[in-house]
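Q: If you scroll down you'll find the structure; I have some questions about it.
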Amino acid sequence: MGLWFLFLGLCIGVLVRCIHTLYRNYVSARKTGLRFIVSPITPYTVAWQVATALLRPVLVKFRWFRAIDWTCAWQDGNSLHEELGSCFIVVSPGLNVLCSSDSRTIVNVLRRWREFVKPDNVNEIIGLFGQNVDTSNGDDWPRHRKLTAPCFSERASTSVWNEARHQTSALVTQWLSAPNHKINTLFADTGTLALNVVSAIAFENHQTTQPAKGHSLSLHDALTTIMGSSLAPALEALPHWLKSEKFLPKQVTHVIAATGEFSTYMDALISRERTKPAAASDAKLNLIGTLIRASGEKDGEMNARLSDEEVRGNVFNFIIGGLEPTAIALSYALALLAVHGDVQEWVLEEIDEVLGEGGDSYKDVYPRLKRCLAVMYETLRLFAPSPPPPRSFATPSSPHEIPTSSPTHPSLTLPPNTQIMLNPWSTHASASHFSSPSTWDPRRWLDASGNLVHSAGFFAWGSGPRICPGMKFSQVQFCAVLAGVLARVQLVVGPQEKEGILGVLMDSGAEPLVLKVRRPGELWVGVEERVRGA
Ligand code: HEM
């Protein structure tokens with residue numbers, strides 16, 4: 001009986017505390033003058049994750065959930081912001097979240113990287129193998145950014161181009177031998193292609209689909225298992241003895257095994273690179289070698305070394321950063337081109353002209369593939385794979401002032417302990433930045449002279465000092481693959497199948513991290529060999 005009273009007392013205590021902090025957060029949200037909605041659960045906590053896993057079908061009916069949940073935020077486009085304003089607040093017991101689709105606010109917050117930092121309660125998977133450029137903040141961030149910069153040189157872009165062209169040629173040959181010339185493996189195939197490209201660059205290892213000696217999983221399987229599970233960071237924190245327990249469910253032990261396998265692959269590669277002669281020329285260095293070489297250099301002003309763990313963390317980040325978004329963007333683009341035959345012809349005109357002149361080098365061909373790049377921009381506008389960049393205050397206890405584009409609220413004072421969710425999915429779907437925003441039309445990205453136009457409302461690669469360092473990488477890879485595919489095959493879907501394909505594309509979700517279609521196997525596309533000169 002006594003224990004029950006104690007338990008009841010505890011529950012009442014927690015409830016009273018929750019109501020008190022909720023009220024306090026509500027009062028501070030009201031003072032901003034912004035519209036707000038109230039969430040009974042604190043976002044980005046374990047309670048939020050558990051509730052999402054168990055009660056998703058019920059929770060999606062509530063606006064407070066839809067505002068924070070990435071899948072809902074993508075599905076809603078600009079509609080919630082149209083209703084509540086380009087900035088609004090989700091009030092919860094643990095913290096307030098400012099949701100913003102305001103381009104001025106987004107640019108300003110992303111520029112002030114010392115004040116608005118990446119919170120460690122979101123995207124935990126990115127730091128799974130060690131601190132890296134994406135997860136670091138404060139003085140650590142410039143060190144990581146500087147030491148990883150040589151990985152994104154023009155030499156690296158040339159390697160990406162060559163490897164992507166090579167891999168695409170093999171992929172198209174495989175597609176052309178598919179029964180009835182129809183494939184439903186777009187997402188899987190572009191994923192494997194991107195992994196092969198990134199492994200060739202990162203590890204000089206073209207064979208990623210077979211387990212290496214002493215491994216039970218291939219690098220490909222280890223990575224895709226880790227990337228497909230939101231549990232990986234929590235499982236990594238388990239004590240060692242528990243990880244090997246037989247009673248754990250099979251899916252759990254598989255994720256634990258994949259994490260261990262990936263670490264072992266990385267450690268072997270790092271020690272191989274560390275023992276390579278220092279005289280190895282820069283041209284021969286792979287990504288790990290480049291990182292090790294850069295981090296070994298002396299720097300007068302700051303400690304410029306990356307530890308082995310940080311090298312591992314950065315390599316993992318480059319792989320998931322490099323692999324998934326680029327592959328996903330390609331799959332969406334190829335499916336959309338199959339549906340929009342007229343756009344495919346428009347892009348092909350360019351490819352025929354550029355490749356028809358005989359060259360195939362990065363330097364000669366890539367800069368001229370403007371229409372291919374326009375396809376990438378337009379696909380990322382509507383299907384940007386990266387989730388909304390989150391930010392929190394470096395000094396949580398003080399208020400912060402930020403500008404907005406609203407004539408009635410040109411500047412906002414955010415109360416202490418506010419987290420920020422910048423929502424480019426909403427900006428990308430806003431009629432104030434893009435005419436007919438729901439129409440997929442790559443032509444909008446080129447001006448009359450065929451040059452790429454820039455939009456103040458486009459943030460697929462982020463913005464400011466922490467803008468994606470792999471942007472050029474992904475553009476080069478995207479254009480190399482697109483040109484390689486369309487030069488050899490025509491992507492076709494019958495008139496009756498178009499709605500079905502668009503339905504599959506619109507049934508996408510960002511769980512656990514990046515946006516992708518939920519039913520990739522239903523994406524059937526015809527691949528017909530092009531007859532040259534036809
Ligand atoms: C279509 C492809 C890609 C998209 C849409 C994309 C998107 C993004 C976005 C939106 C950010 C900013 C996140 C934030 O500010 O919180 C980012 C950062 C980052 N991306 Fe990418 N990315 C792509 C490709 C790549 C590639 C190919 C690599 C590496 C090989 C890469 C590595 C990184 C890294 C290291 C960061 C963190 C930068 C920092 O915090 O300083 N990304 N990316």
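Simple scheme: letters A, B, ... for chains in structure tokens order, numbers from 1 for residues in each chain, numbers from 1 for ligands in the order shown.
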Extract, using only C-alpha atoms, all DNA, RNA and protein residues at most 9 Å from Tyr265 of chain A, discarding same-chain residues fewer than 3 positions from it, and format them as a ChimeraX atom specification.
A: /A:212,215,219,260-262,268-270
Q: Calculated over only C-alpha atoms, which of the candidates A:Ser229, A:Ser449, A:Thr45, A:Thr52 has the smallest distance to Gly94 of chain A?
A: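 That would be A:Thr45, the residue with the smallest distance to Gly94 of chain A.
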Q: Skip Ile226 of chain A itself and residues of its chain fewer than 3 positions away, then list as a list of chain:residue names all residues within 9 Å of it, counting only C-alpha atoms.
A: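 Within the cut-off, the hits are A:Ile125, A:Asp221, A:Ala222, A:Leu223, A:Ser229, A:Ser230, A:Leu231, A:Ala232, A:Val255, A:Ile256, A:Ala258, A:Thr259, A:Phe262.
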Q: Compile a residue-level contact table for segment 329-437 of chain A against segment 487-500 of chain A at a cut-off of 8 Å, reporting for every qualifying residue the shortest atom pair and its distance in Å to one decimal, with only C-alpha atoms counted, rows ordered by chain and ascending number, as a Markdown table.
A:
| residue | atom | partner | partner_atom | distance |
| --- | --- | --- | --- | --- |
| A:Leu334 | CA | A:Leu491 | CA | 7.7 |
| A:Leu337 | CA | A:Leu491 | CA | 7.1 |
| A:Ala338 | CA | A:Leu491 | CA | 4.8 |
| A:Val339 | CA | A:Lys498 | CA | 5.7 |
| A:Gly341 | CA | A:Val492 | CA | 7.5 |
| A:Leu348 | CA | A:Ala487 | CA | 7.0 |
| A:Ile351 | CA | A:Ala487 | CA | 6.7 |
| A:Asp352 | CA | A:Ala487 | CA | 7.0 |
Q: Store the residues of this selection in a file with C-alpha atoms, as a short mmCIF file (atom, residue, chain, number, x, y, z; two decimals), in the first residue's frame.
A:
data_model
loop_
_atom_site.label_atom_id
_atom_site.label_comp_id
_atom_site.auth_asym_id
_atom_site.auth_seq_id
_atom_site.Cartn_x
_atom_site.Cartn_y
_atom_site.Cartn_z
CA LEU A 334 14.31 9.11 -63.05
CA LEU A 337 11.26 11.81 -66.09
CA ALA A 338 9.54 8.55 -67.03
CA VAL A 339 6.19 10.19 -66.27
CA GLY A 341 8.21 12.35 -71.40
CA LEU A 348 18.01 14.53 -74.00
CA ILE A 351 22.80 15.40 -73.58
CA ASP A 352 22.89 14.57 -77.31
#
Q: Just want the 10 Å neighbourhood of Arg111 of chain A, counted on only C-alpha atoms, with same-chain residues fewer than 2 positions away dropped. Output as a ChimeraX atom specification.
A: /A:105-109,113-116,463-467
Q: Quick one: pick out all alpha helix (DSSP H) residues within segment 142-204 of chain A from a backbone DSSP run and write them as an MDAnalysis selection string.
A: chainID A and resid 142:148 154:176 186:203
Q: Identify all residues of segment 99-288 of chain A in strand (DSSP E or B) (DSSP on the backbone) and supply them as a list in words.
A: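 These are the residues in question: Cys99, Ser100, Phe116, Val117, Lys182 and Ile183 of chain A.
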Q: Excluding Arg371 of chain A and any residue of its chain fewer than 4 positions from it, enumerate the residues within 8 Å of it, using only C-alpha atoms, and give them as a list of chain:residue names.
A: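 Returned residues: A:Trp346, A:Val347, A:Glu350, A:Val375, A:Pro442, A:Arg443, A:Leu446.
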Q: How about saving the chosen residues, N, CA and C atoms kept, as an mmCIF file, in the first residue's frame?
A:
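As a result, result-v3.cif now contains:
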data_model
loop_
_atom_site.group_PDB
_atom_site.id
_atom_site.type_symbol
_atom_site.label_atom_id
_atom_site.label_comp_id
_atom_site.auth_asym_id
_atom_site.auth_seq_id
_atom_site.Cartn_x
_atom_site.Cartn_y
_atom_site.Cartn_z
ATOM 1 N N TRP A 346 13.468 17.087 -73.595
ATOM 2 C CA TRP A 346 14.151 18.382 -73.425
ATOM 3 C C TRP A 346 15.565 18.170 -72.864
ATOM 4 N N VAL A 347 15.685 17.258 -71.896
ATOM 5 C CA VAL A 347 17.005 16.989 -71.297
ATOM 6 C C VAL A 347 17.872 16.243 -72.303
ATOM 7 N N GLU A 350 19.897 18.256 -74.792
ATOM 8 C CA GLU A 350 21.161 18.773 -74.245
ATOM 9 C C GLU A 350 22.228 17.671 -74.220
ATOM 10 N N VAL A 375 17.031 19.560 -63.583
ATOM 11 C CA VAL A 375 16.193 18.420 -63.143
ATOM 12 C C VAL A 375 16.488 18.120 -61.677
ATOM 13 N N PRO A 442 11.282 21.345 -64.342
ATOM 14 C CA PRO A 442 12.703 21.737 -64.279
ATOM 15 C C PRO A 442 13.033 22.982 -65.096
ATOM 16 N N ARG A 443 12.205 23.296 -66.105
ATOM 17 C CA ARG A 443 12.516 24.454 -66.956
ATOM 18 C C ARG A 443 12.539 25.754 -66.154
ATOM 19 N N LEU A 446 16.006 27.542 -65.425
ATOM 20 C CA LEU A 446 16.929 28.115 -66.411
ATOM 21 C C LEU A 446 16.380 29.422 -66.960
#
Q: Select, from A:Gln475, A:Thr168, A:Ser199, A:Thr208, the residue with the minimum atom-to-atom distance to Pro325 of chain A, counting only C-alpha atoms.
A: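 Selected residue with least distance to Pro325 of chain A: A:Gln475.
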Q: Quick one: everything within 12 Å of Glu83 of chain A, counting only C-alpha atoms, minus sequence neighbours fewer than 4 positions away in the same chain. Send it as a PyMOL selection string.
A: chain A and resi 35-37+63+67+76-79+87-88+426
Q: If you count only C-alpha atoms, which residues fall within 12 Å of Ala510 of chain A, apart from same-chain ones fewer than 5 positions away, as a list in words?
A: Ile68, Asp69, Trp70, Thr71, Cys72, Ala73, Trp74, Gln75, Asn123, Gly228, Ser230, Pro325, Ile328, Phe383, Ala384, Pro385, Ser386, Pro387, Pro388, Trp425, Leu515, Lys516, Val517 and Arg518 of chain A
Q: Quick check, in Å to one decimal: how far apart do atom CA of Ala202 of chain A and atom CA of Gly289 of chain A lie?
A: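 Between atom CA of Ala202 of chain A and atom CA of Gly289 of chain A the gap works out to 8.5 Å.
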Q: When distances are computed from only C-alpha atoms and all ligand atoms, which of A:Cys18, A:Leu505, A:Ala327, A:Cys99 shows the smallest separation from ligand 1?
A: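 Residue with the minimum atom-to-atom distance to ligand 1: A:Ala327.
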Q: In Å, how far is it from atom CA of Ser398 of chain A to atom CA of Leu422 of chain A?
A: 20.0 Å
Q: Check the smallest atom-to-atom distance from each of A:Cys479, A:Leu414, A:Val172, A:Val90 to ligand 1 using only C-alpha atoms and all ligand atoms, then report the winner.
A: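 For ligand 1, the nearest of the given residues is A:Cys479.
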Q: Atom CA of Ile320 of chain A and atom CA of Pro424 of chain A are how many Å apart?
A: 20.3 Å
